[in-house]
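Engineer: The following block contains the structure, expressed as structure tokens.
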Amino acid sequence: MFGLSKIESGVGGIALTEHAVPDAGPGEIRLKVAAAGICGTDMQIYHWAPRMARRMALPRILGHEVSGVIDQLGDGVEDLAIGDHVSLESHIFCGTCDPCRRDRAHLCEATQYPGIDIDGAFADYVVVPARIAWRNPAELPHEIAAMLEPFGIAVHACLEGSGVADLRVLINGCGPIGLMAVAAARALGARQVIAADPNALRRNQAEQMGADYSFNPVAVDLAAAVGDVTGQVGVDVAIEFSGQEAGFRAAMASLTKGGDFRLVGAPAHPMELDLTQWLLRCPTIINIHGRRIWRTWEQSTELVYNNKVDLVPVMSHQLPLAEGARGFELILQGEALKPILVPNG
Ligand SMILES: [Zn+2]
Ligand SMILES: [Zn+2]
């Protein structure tokens with residue numbers, strides 16, 4: 001079979017590689033991959049970012065946002081069947097560490113990822129532990145099913161802390177997950193959804209997915225613009241996806257006193273935080289990592305299965321696996337939101 005792999009360290013080094021079809025071992029399943037999305041983590045691997053990428057053994061088949069059909073069951077797998085359509089939770093949790101035992105498997109101390117620690121889903125087949133499989137109705141389109149993993153982050157971000165229902169919400173950063181958060185916040189009953197992104201295409205997309213307003217935080221003072229559309233009150237919830245220090249500060253400054261600040265985008269560098277301001281303004285700061293397993297999957301699939309959220313606009317390209325490297329280039333050139341790779345079969 002073919003795989004799209006990171007073959008060498010440093011920037012780039014993405015190439016099609018040939019492999020034997022893997023077999024499912026005890027407790028594992030093999031998926032015939034139907035669709036797999038390229039995401040920000042894959043771009044970090046492309047750029048050989050210090051945090052996750054450099055622990056990888058190369059070559060490694062990439063891809064962790066996947067939909068497929070089970071075509072082989074390893075020994076001891078009981079709750080799944082050949083022919084089941086599944087998406088994958090990308091966190092391979094250990095199930096035995098302290099967070100796992102406290103129903104916080106998304107914070108597992110020993111988390112491993114397909115496409116980083118084991119071969120991933122940019123391939124004709126992928127083998128993973130059965131415990132990360134989420135079964136979908138067979139009629140759910142595979143491209144949608146492949147986006148449930150990133151969508152889960154958006155839903156998780158919307159439902160932590162005070163949630164979003166009947167609240168004013170700022171989504172700062174409208175990449176794929178930010179856009180999904182716009183749609184999720186709208187579907188979950190936000191009173192007002194304000195989106196911010198420097199890219200005009202993304203702002204336009206945010207408005208199409210349910211934002212009441214969208215602002216360019218480079219061209220305007222975001223906190224002032226948010227003030228203007230909230231009666232100078234500010235938002236109850238600011239969800240920060242941009243990962244930029246300026247974005248972090250603008251989102252924080254857009255909050256009403258005692259609002260919720262939810263951090264999803266990881267800033268690349270340490271930054272100063274004025275704890276006196278924090279004390280005086282009293283925001284609740286919440287970090288969002290992955291998805292609650294399986295609570296977030298239940299919540300996010302309820303929205304997708306019942307057509308309350310349409311993820312199709314986030315999928316900007318569908319490419320055959322053999323042209324997968326082009327998906328990375330399209331993202332680099334700012335021309336793609338979420339390219340979905342489809343094996344040739
Ligand atoms: Zn991802
Ligand atoms: Zn664990």
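Convention: chains lettered A, B, ... in structure tokens order; per-chain residue numbering from 1; ligands numbered from 1 as shown.
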Tell me, as a ChimeraX atom specification, which residues lie within 12 Å of A:Arg51, counting only C-alpha atoms; anything in the same chain fewer than 5 positions away does not count.
Structural biologist: /A:41,44-45,56,116,266-269
Engineer: Those selected residues, please, written with N, CA and C atoms and delivered as a CSV table (one decimal), in the first residue's frame.
Structural biologist:
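Okay, part.csv is ready:
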chain,number,residue,atom,x,y,z
A,41,THR,N,-1.5,20.2,13.2
A,41,THR,CA,-0.5,19.4,13.8
A,41,THR,C,0.4,18.8,12.7
A,44,GLN,N,2.7,21.4,11.7
A,44,GLN,CA,3.9,21.6,12.7
A,44,GLN,C,4.9,20.5,12.4
A,45,ILE,N,4.4,19.3,12.0
A,45,ILE,CA,5.4,18.2,11.7
A,45,ILE,C,6.1,18.6,10.4
A,56,MET,N,9.3,12.1,16.9
A,56,MET,CA,8.9,11.1,15.9
A,56,MET,C,10.1,10.3,15.4
A,116,ILE,N,2.1,10.2,14.6
A,116,ILE,CA,3.3,10.7,15.3
A,116,ILE,C,4.0,9.5,16.0
A,266,ALA,N,-2.0,27.2,20.9
A,266,ALA,CA,-0.8,27.3,21.7
A,266,ALA,C,0.1,28.4,21.3
A,267,PRO,N,0.4,29.4,22.1
A,267,PRO,CA,1.4,30.4,21.8
A,267,PRO,C,2.7,29.7,21.6
A,268,ALA,N,3.5,30.2,20.5
A,268,ALA,CA,4.7,29.6,20.2
A,268,ALA,C,5.8,29.9,21.2
A,269,HIS,N,5.7,31.0,21.9
A,269,HIS,CA,6.7,31.5,22.9
A,269,HIS,C,6.1,31.8,24.2
Engineer: At a cut-off of 8 Å, using only C-alpha atoms, what residues contact A:Ala181? Leave out same-chain residues fewer than 2 positions from it and give the result as a list in words.
Structural biologist: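 My reading of the contact set: Phe151, Ala154, Val155, Ala157, Cys158, Ile171, Ile177, Gly178, Leu179, Ala183, Ala184 and Ala185 of chain A.
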Engineer: The selected residues should be written to file as a PDB file, in the first residue's frame (atoms: C-alpha atoms).
Structural biologist:
ATOM      1  CA  PHE A 151     -14.837  19.455  15.337  1.00  0.00           C
ATOM      2  CA  ALA A 154     -14.442  23.199  18.744  1.00  0.00           C
ATOM      3  CA  VAL A 155     -17.368  21.697  20.656  1.00  0.00           C
ATOM      4  CA  ALA A 157     -14.132  24.712  23.621  1.00  0.00           C
ATOM      5  CA  CYS A 158     -17.768  25.843  23.408  1.00  0.00           C
ATOM      6  CA  ILE A 171     -13.952  33.372  18.295  1.00  0.00           C
ATOM      7  CA  ILE A 177     -11.314  24.654  14.130  1.00  0.00           C
ATOM      8  CA  GLY A 178     -12.161  28.329  14.705  1.00  0.00           C
ATOM      9  CA  LEU A 179     -14.710  28.146  11.899  1.00  0.00           C
ATOM     10  CA  ALA A 183     -20.858  27.039  13.753  1.00  0.00           C
ATOM     11  CA  ALA A 184     -20.906  25.116  17.052  1.00  0.00           C
ATOM     12  CA  ALA A 185     -21.428  28.271  19.143  1.00  0.00           C
TER      13      ALA A 185
END
Engineer: For A:Gly68, find every residue with an atom within 8 Å (counting only C-alpha atoms), except residues of its own chain fewer than 5 positions away, and show them as JSON, numbers by chain.
Structural biologist: {"A": [31, 32, 33, 34, 35, 85, 86, 87, 142]}
Engineer: How would the residues just picked look written out with N, CA and C atoms as a PDB file, in the first residue's frame?
Structural biologist:
ATOM      1  N   LEU A  31      -8.372  -0.337   9.723  1.00  0.00           N
ATOM      2  CA  LEU A  31      -9.337   0.413   8.922  1.00  0.00           C
ATOM      3  C   LEU A  31      -8.869   0.474   7.497  1.00  0.00           C
ATOM      4  N   LYS A  32      -9.809   0.295   6.566  1.00  0.00           N
ATOM      5  CA  LYS A  32      -9.585   0.711   5.190  1.00  0.00           C
ATOM      6  C   LYS A  32      -9.928   2.196   5.191  1.00  0.00           C
ATOM      7  N   VAL A  33      -8.909   3.026   4.988  1.00  0.00           N
ATOM      8  CA  VAL A  33      -9.106   4.473   5.130  1.00  0.00           C
ATOM      9  C   VAL A  33      -9.991   4.986   3.995  1.00  0.00           C
ATOM     10  N   ALA A  34     -10.977   5.808   4.365  1.00  0.00           N
ATOM     11  CA  ALA A  34     -11.868   6.394   3.357  1.00  0.00           C
ATOM     12  C   ALA A  34     -11.574   7.872   3.148  1.00  0.00           C
ATOM     13  N   ALA A  35     -11.158   8.576   4.199  1.00  0.00           N
ATOM     14  CA  ALA A  35     -10.865  10.006   4.107  1.00  0.00           C
ATOM     15  C   ALA A  35     -10.021  10.391   5.308  1.00  0.00           C
ATOM     16  N   HIS A  85     -18.395   1.596  10.136  1.00  0.00           N
ATOM     17  CA  HIS A  85     -17.812   2.875   9.733  1.00  0.00           C
ATOM     18  C   HIS A  85     -17.383   3.606  10.999  1.00  0.00           C
ATOM     19  N   VAL A  86     -16.119   4.003  11.082  1.00  0.00           N
ATOM     20  CA  VAL A  86     -15.661   4.650  12.306  1.00  0.00           C
ATOM     21  C   VAL A  86     -14.809   5.880  12.015  1.00  0.00           C
ATOM     22  N   SER A  87     -14.863   6.825  12.969  1.00  0.00           N
ATOM     23  CA  SER A  87     -13.878   7.896  13.076  1.00  0.00           C
ATOM     24  C   SER A  87     -12.954   7.518  14.223  1.00  0.00           C
ATOM     25  N   HIS A 142     -17.997  10.086   4.451  1.00  0.00           N
ATOM     26  CA  HIS A 142     -16.675   9.884   5.058  1.00  0.00           C
ATOM     27  C   HIS A 142     -15.910  11.193   5.263  1.00  0.00           C
TER      28      HIS A 142
END
Engineer: Kindly work out which residues sit at most 6 Å from ligand 1, using only C-alpha atoms and all ligand atoms, and give the list as number ranges by chain.
Structural biologist: A: 39, 41, 65, 150
Engineer: Using the selection just defined, write its residues with N, CA, C and O atoms as a short mmCIF file (atom, residue, chain, number, x, y, z; two decimals), in the first residue's frame.
Structural biologist:
data_model
loop_
_atom_site.label_atom_id
_atom_site.label_comp_id
_atom_site.auth_asym_id
_atom_site.auth_seq_id
_atom_site.Cartn_x
_atom_site.Cartn_y
_atom_site.Cartn_z
N CYS A 39 -4.13 18.64 9.08
CA CYS A 39 -4.44 19.65 10.10
C CYS A 39 -3.20 20.38 10.55
O CYS A 39 -2.10 20.15 10.08
N THR A 41 -1.51 20.24 13.23
CA THR A 41 -0.45 19.40 13.79
C THR A 41 0.42 18.82 12.67
O THR A 41 1.65 18.76 12.79
N GLU A 65 -6.70 12.49 11.50
CA GLU A 65 -8.12 12.87 11.40
C GLU A 65 -8.72 11.99 10.32
O GLU A 65 -8.56 12.25 9.14
N PRO A 150 -11.34 17.12 14.69
CA PRO A 150 -11.15 18.56 14.95
C PRO A 150 -12.43 19.25 15.42
O PRO A 150 -12.38 20.15 16.27
#
Engineer: Which residues are near ligand 2 in this structure, taking near to mean any atom at most 8 Å from a ligand atom and counting only C-alpha atoms and all ligand atoms? Format them as a ChimeraX atom specification.
Structural biologist: /A:93-101,105,107-111
Engineer: Name the residues in contact with stretch 226-239 of chain A at a cut-off of 7 Å, using only C-alpha atoms, excluding same-chain residues fewer than 2 positions from it; report them as a VMD selection string.
Structural biologist: chain A and resid 167 to 172 222 to 224 241 251 254 to 256 259 to 263
Engineer: Pick the closest to A:Gly3 from A:Arg131, A:Lys257, A:His19, A:His91: which is it, counting only C-alpha atoms?
Structural biologist: A:His19
